[in-house]
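K.L.:
Okay, so here is final_0.pdb, and as you'll see once you scroll down, it has PDB, C-alpha atoms, pLDDT in the B column.
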ATOM      1  CA  MET D 215       0.000   0.000   0.000  1.00 57.00           C
ATOM      2  CA  GLN D 216       2.869   2.371   0.748  1.00 70.00           C
ATOM      3  CA  GLY D 217       3.793   2.251  -2.943  1.00 93.00           C
ATOM      4  CA  GLU D 218       0.371   3.663  -3.859  1.00 97.00           C
ATOM      5  CA  ILE D 219       0.926   6.617  -1.547  1.00 98.00           C
ATOM      6  CA  GLU D 220       4.366   7.229  -3.011  1.00 97.00           C
ATOM      7  CA  GLN D 221       2.786   7.127  -6.498  1.00 97.00           C
ATOM      8  CA  TYR D 222       0.171   9.664  -5.387  1.00 98.00           C
ATOM      9  CA  ASN D 223       2.942  11.955  -4.117  1.00 98.00           C
ATOM     10  CA  ALA D 224       4.930  11.555  -7.338  1.00 97.00           C
ATOM     11  CA  LEU D 225       1.943  12.768  -9.383  1.00 97.00           C
ATOM     12  CA  GLN D 226       1.914  16.137  -7.604  1.00 97.00           C
ATOM     13  CA  GLY D 227       3.779  19.249  -8.724  1.00 95.00           C
ATOM     14  CA  SER D 228       7.261  19.695  -7.308  1.00 95.00           C
ATOM     15  CA  SER D 229       6.276  21.975  -4.409  1.00 96.00           C
ATOM     16  CA  ASP D 230       3.260  19.850  -3.479  1.00 98.00           C
ATOM     17  CA  GLN D 231       5.341  16.692  -3.831  1.00 97.00           C
ATOM     18  CA  LEU D 232       7.729  17.996  -1.150  1.00 98.00           C
ATOM     19  CA  ILE D 233       4.797  18.725   1.165  1.00 98.00           C
ATOM     20  CA  CYS D 234       3.236  15.294   0.564  1.00 98.00           C
ATOM     21  CA  ASN D 235       6.524  13.457   1.106  1.00 98.00           C
ATOM     22  CA  ARG D 236       7.178  15.292   4.388  1.00 98.00           C
ATOM     23  CA  LEU D 237       3.649  14.595   5.592  1.00 98.00           C
ATOM     24  CA  MET D 238       3.893  10.913   4.597  1.00 98.00           C
ATOM     25  CA  ASP D 239       7.211  10.479   6.406  1.00 98.00           C
ATOM     26  CA  SER D 240       5.960  12.289   9.520  1.00 98.00           C
ATOM     27  CA  ILE D 241       2.741  10.258   9.617  1.00 98.00           C
ATOM     28  CA  ASN D 242       4.558   6.954   9.108  1.00 97.00           C
ATOM     29  CA  ASN D 243       7.024   7.813  11.888  1.00 97.00           C
ATOM     30  CA  GLY D 244       4.453   9.382  14.223  1.00 97.00           C
ATOM     31  CA  ILE D 245       1.809   6.649  14.064  1.00 97.00           C
ATOM     32  CA  PRO D 246       3.640   3.502  12.927  1.00 96.00           C
ATOM     33  CA  MET D 247       0.707   1.276  13.953  1.00 96.00           C
ATOM     34  CA  ALA D 248      -1.520   2.957  11.351  1.00 96.00           C
ATOM     35  CA  THR D 249      -2.141   1.497   7.917  1.00 96.00           C
ATOM     36  CA  GLY D 250      -1.868   3.926   5.014  1.00 97.00           C
ATOM     37  CA  ILE D 251      -3.903   3.418   1.843  1.00 97.00           C
ATOM     38  CA  ILE D 252      -5.337   5.437  -0.998  1.00 97.00           C
ATOM     39  CA  TRP D 253      -8.952   6.030   0.053  1.00 96.00           C
ATOM     40  CA  HIS D 254     -11.353   8.064  -2.081  1.00 95.00           C
ATOM     41  CA  GLY D 255      -8.353   9.082  -4.203  1.00 97.00           C
ATOM     42  CA  SER D 256      -6.088  10.379  -1.417  1.00 98.00           C
ATOM     43  CA  PRO D 257      -3.652   8.969   1.167  1.00 98.00           C
ATOM     44  CA  VAL D 258      -5.366   8.131   4.464  1.00 98.00           C
ATOM     45  CA  TRP D 259      -4.047   6.292   7.533  1.00 97.00           C
ATOM     46  CA  PHE D 260      -6.306   4.050   9.610  1.00 95.00           C
ATOM     47  CA  ILE D 261      -6.077   2.542  13.086  1.00 94.00           C
ATOM     48  CA  ASP D 262      -8.405  -0.413  13.691  1.00 90.00           C
ATOM     49  CA  GLY D 263     -10.528   0.505  10.682  1.00 90.00           C
ATOM     50  CA  ASN D 264     -10.932   4.153  11.694  1.00 91.00           C
ATOM     51  CA  PRO D 265      -9.603   6.939   9.447  1.00 94.00           C
ATOM     52  CA  ILE D 266      -7.153   8.972  11.516  1.00 96.00           C
ATOM     53  CA  VAL D 267      -5.227  11.319   9.232  1.00 98.00           C
ATOM     54  CA  GLY D 268      -4.796  11.956   5.548  1.00 98.00           C
ATOM     55  CA  TYR D 269      -3.852  14.578   3.020  1.00 98.00           C
ATOM     56  CA  SER D 270      -4.968  15.639  -0.419  1.00 98.00           C
ATOM     57  CA  LYS D 271      -4.097  18.172  -3.056  1.00 97.00           C
ATOM     58  CA  GLN D 272      -6.716  20.924  -3.188  1.00 96.00           C
ATOM     59  CA  LYS D 273      -6.857  24.088  -5.272  1.00 94.00           C
ATOM     60  CA  SER D 274      -5.993  26.028  -2.121  1.00 92.00           C
ATOM     61  CA  GLY D 275      -2.936  23.922  -1.221  1.00 96.00           C
ATOM     62  CA  VAL D 276      -2.307  20.538   0.345  1.00 98.00           C
ATOM     63  CA  GLN D 277      -4.925  19.762   2.973  1.00 98.00           C
ATOM     64  CA  LEU D 278      -3.848  17.769   6.028  1.00 98.00           C
ATOM     65  CA  LEU D 279      -6.996  16.344   7.622  1.00 97.00           C
ATOM     66  CA  PHE D 280      -7.420  14.775  11.040  1.00 96.00           C
ATOM     67  CA  TRP D 281     -10.784  13.017  11.331  1.00 94.00           C
ATOM     68  CA  SER D 282     -10.972  13.789  15.076  1.00 92.00           C
ATOM     69  CA  GLY D 283      -8.953  17.009  14.895  1.00 93.00           C
ATOM     70  CA  ALA D 284     -11.686  19.343  16.132  1.00 92.00           C
ATOM     71  CA  SER D 285     -11.334  17.572  19.496  1.00 90.00           C
ATOM     72  CA  PHE D 286      -7.624  18.396  19.686  1.00 90.00           C
ATOM     73  CA  ALA D 287      -8.216  22.101  20.546  1.00 83.00           C
ATOM     74  CA  ASP D 288      -4.872  22.805  18.915  1.00 84.00           C
ATOM     75  CA  GLN D 289      -4.509  25.226  15.961  1.00 88.00           C
ATOM     76  CA  LEU D 290      -6.432  23.109  13.435  1.00 95.00           C
ATOM     77  CA  GLN D 291      -9.425  24.537  11.557  1.00 95.00           C
ATOM     78  CA  PRO D 292     -12.688  22.585  12.009  1.00 94.00           C
ATOM     79  CA  ILE D 293     -14.225  21.342   8.772  1.00 94.00           C
ATOM     80  CA  GLY D 294     -17.525  19.635   8.009  1.00 87.00           C
ATOM     81  CA  LYS D 295     -20.309  18.574  10.336  1.00 80.00           C
ATOM     82  CA  PHE D 296     -18.425  15.934  12.315  1.00 83.00           C
ATOM     83  CA  MET D 297     -15.162  16.318  14.286  1.00 88.00           C
ATOM     84  CA  ALA D 298     -12.660  16.721  11.436  1.00 94.00           C
ATOM     85  CA  ALA D 299     -10.159  19.569  11.336  1.00 96.00           C
ATOM     86  CA  GLU D 300      -7.473  20.618   8.897  1.00 97.00           C
ATOM     87  CA  ALA D 301      -4.280  22.488   8.215  1.00 97.00           C
ATOM     88  CA  ARG D 302      -3.327  23.709   4.706  1.00 97.00           C
ATOM     89  CA  TYR D 303       0.125  24.043   3.225  1.00 98.00           C
ATOM     90  CA  HIS D 304       1.476  25.859   0.186  1.00 97.00           C
ATOM     91  CA  SER D 305       5.124  24.954   0.793  1.00 97.00           C
ATOM     92  CA  ALA D 306       6.973  22.360   2.836  1.00 97.00           C
ATOM     93  CA  ASP D 307       8.537  25.194   4.876  1.00 97.00           C
ATOM     94  CA  GLU D 308       5.089  25.956   6.360  1.00 98.00           C
ATOM     95  CA  ILE D 309       4.944  22.564   8.092  1.00 98.00           C
ATOM     96  CA  ASN D 310       5.565  23.038  11.809  1.00 97.00           C
ATOM     97  CA  GLU D 311       7.107  19.708  12.811  1.00 97.00           C
ATOM     98  CA  ASP D 312       6.424  20.245  16.523  1.00 97.00           C
ATOM     99  CA  ALA D 313       2.732  20.914  15.886  1.00 97.00           C
ATOM    100  CA  LEU D 314       2.491  17.998  13.450  1.00 98.00           C
ATOM    101  CA  THR D 315       4.098  15.629  15.968  1.00 97.00           C
ATOM    102  CA  ARG D 316       1.705  16.859  18.664  1.00 96.00           C
ATOM    103  CA  TRP D 317      -1.325  16.381  16.365  1.00 97.00           C
ATOM    104  CA  LEU D 318      -0.203  12.871  15.438  1.00 97.00           C
ATOM    105  CA  GLN D 319       0.123  11.963  19.126  1.00 95.00           C
ATOM    106  CA  LYS D 320      -3.344  13.376  19.795  1.00 94.00           C
ATOM    107  CA  SER D 321      -4.728  11.438  16.816  1.00 94.00           C
ATOM    108  CA  ILE D 322      -3.752   8.192  18.550  1.00 92.00           C
ATOM    109  CA  ALA D 323      -5.319   9.206  21.878  1.00 89.00           C
ATOM    110  CA  ILE D 324      -8.451  10.958  20.537  1.00 85.00           C
ATOM    111  CA  GLN D 325     -10.398   8.918  18.006  1.00 78.00           C
ATOM    112  CA  TRP D 326     -14.050   9.272  17.130  1.00 64.00           C
ATOM    113  CA  ASP D 327     -15.519   5.968  15.956  1.00 63.00           C
ATOM    114  CA  TYR D 328     -16.045   6.829  12.281  1.00 58.00           C
ATOM    115  CA  LYS D 329     -16.049   3.228  11.094  1.00 59.00           C
ATOM    116  CA  ASN D 330     -19.382   2.687  12.896  1.00 57.00           C
ATOM    117  CA  ILE D 331     -20.891   6.155  12.534  1.00 50.00           C
ATOM    118  CA  ALA D 332     -22.990   5.293   9.460  1.00 47.00           C
ATOM    119  CA  HIS D 333     -24.311   2.186  11.207  1.00 41.00           C
ATOM    120  CA  ARG D 334     -25.170   4.105  14.380  1.00 40.00           C
ATOM    121  CA  HIS D 335     -26.662   6.989  12.376  1.00 39.00           C
ATOM    122  CA  GLY D 336     -29.050   4.513  10.737  1.00 40.00           C
ATOM    123  CA  GLU D 337     -30.023   3.130  14.152  1.00 41.00           C
ATOM    124  CA  LEU D 338     -30.758   6.618  15.446  1.00 35.00           C
ATOM    125  CA  GLN D 339     -32.949   7.427  12.442  1.00 39.00           C
ATOM    126  CA  ARG D 340     -35.037   4.295  13.096  1.00 39.00           C
ATOM    127  CA  LEU D 341     -35.705   5.271  16.735  1.00 38.00           C
TER     128      LEU D 341
END
Can you turn what I pasted into structure tokens?
P.N.:
Amino acid sequence: MQGEIEQYNALQGSSDQLICNRLMDSINNGIPMATGIIWHGSPVWFIDGNPIVGYSKQKSGVQLLFWSGASFADQLQPIGKFMAAEARYHSADEINEDALTRWLQKSIAIQWDYKNIAHRHGELQRL
């Protein structure tokens, strides 16, 4: 699976490729128990079937997304209706390694159960 992520990174422009490679290396080192795959077209790392962190090329830069990041209370911007939060990068120099390491540690400790959310949502609608 790691080869697919490296292929994804290689398809990006040179500046974005540097960002993606740094993020990939940091994620692999910071949460080695996670499994990285290409999911919905972008690299995403999972722990026990739950999406934890991923990144994708957007028009406005490379988006680093933590599925439970809104619970971190730590410099990430909330996104969507669940607990996801993001950081965006336009160059690899913008990546704050201390913050990224802290977020990765929090992503291990703080995990919303996304793998079962659709199942539970259906149960709630039936009640």
K.L.:
For the structure provided, state which residues fall under the PyMOL selection byres ((chain D and resi 218-234) around 12), and present them as a ChimeraX atom specification.
P.N.:
/D:215-217,235-242,249-253,255-259,268-278,302-311
K.L.:
What's the 12 Å shell around Lys295 in chain D, counting all atoms listed in the file, without same-chain residues fewer than 3 positions away, as a ChimeraX atom specification?
P.N.:
/D:281-282,284,292,298-299
K.L.:
Kindly give the distance, in Å, that separates CA of His254 in chain D and CA of Asp312 in chain D, rounded to a single decimal.
P.N.:
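Result for CA of His254 in chain D versus CA of Asp312 in chain D: 28.5 Å, one decimal.
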K.L.:
Which residue, D:Ile293, D:Phe286, D:Glu300, D:Asp262, has the smallest gap to Arg316 in chain D when you use all atoms listed in the file?
P.N.:
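Between D:Ile293, D:Phe286, D:Glu300, D:Asp262, the residue approaching Arg316 in chain D most closely is D:Phe286.
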K.L.:
How far is it from CA of Pro246 in chain D to CA of Phe280 in chain D, in Å with one decimal?
P.N.:
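Computing it gives 15.9 Å between the two atoms.
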K.L.:
Step by step, work through what the PyMOL selection byres ((chain D and resi 321) around 12) selects in the shown file, and finish by giving those residues as a ChimeraX atom specification.
P.N.:
/D:241,244-245,247-248,259-261,264-268,279-288,297-299,314-320,322-326
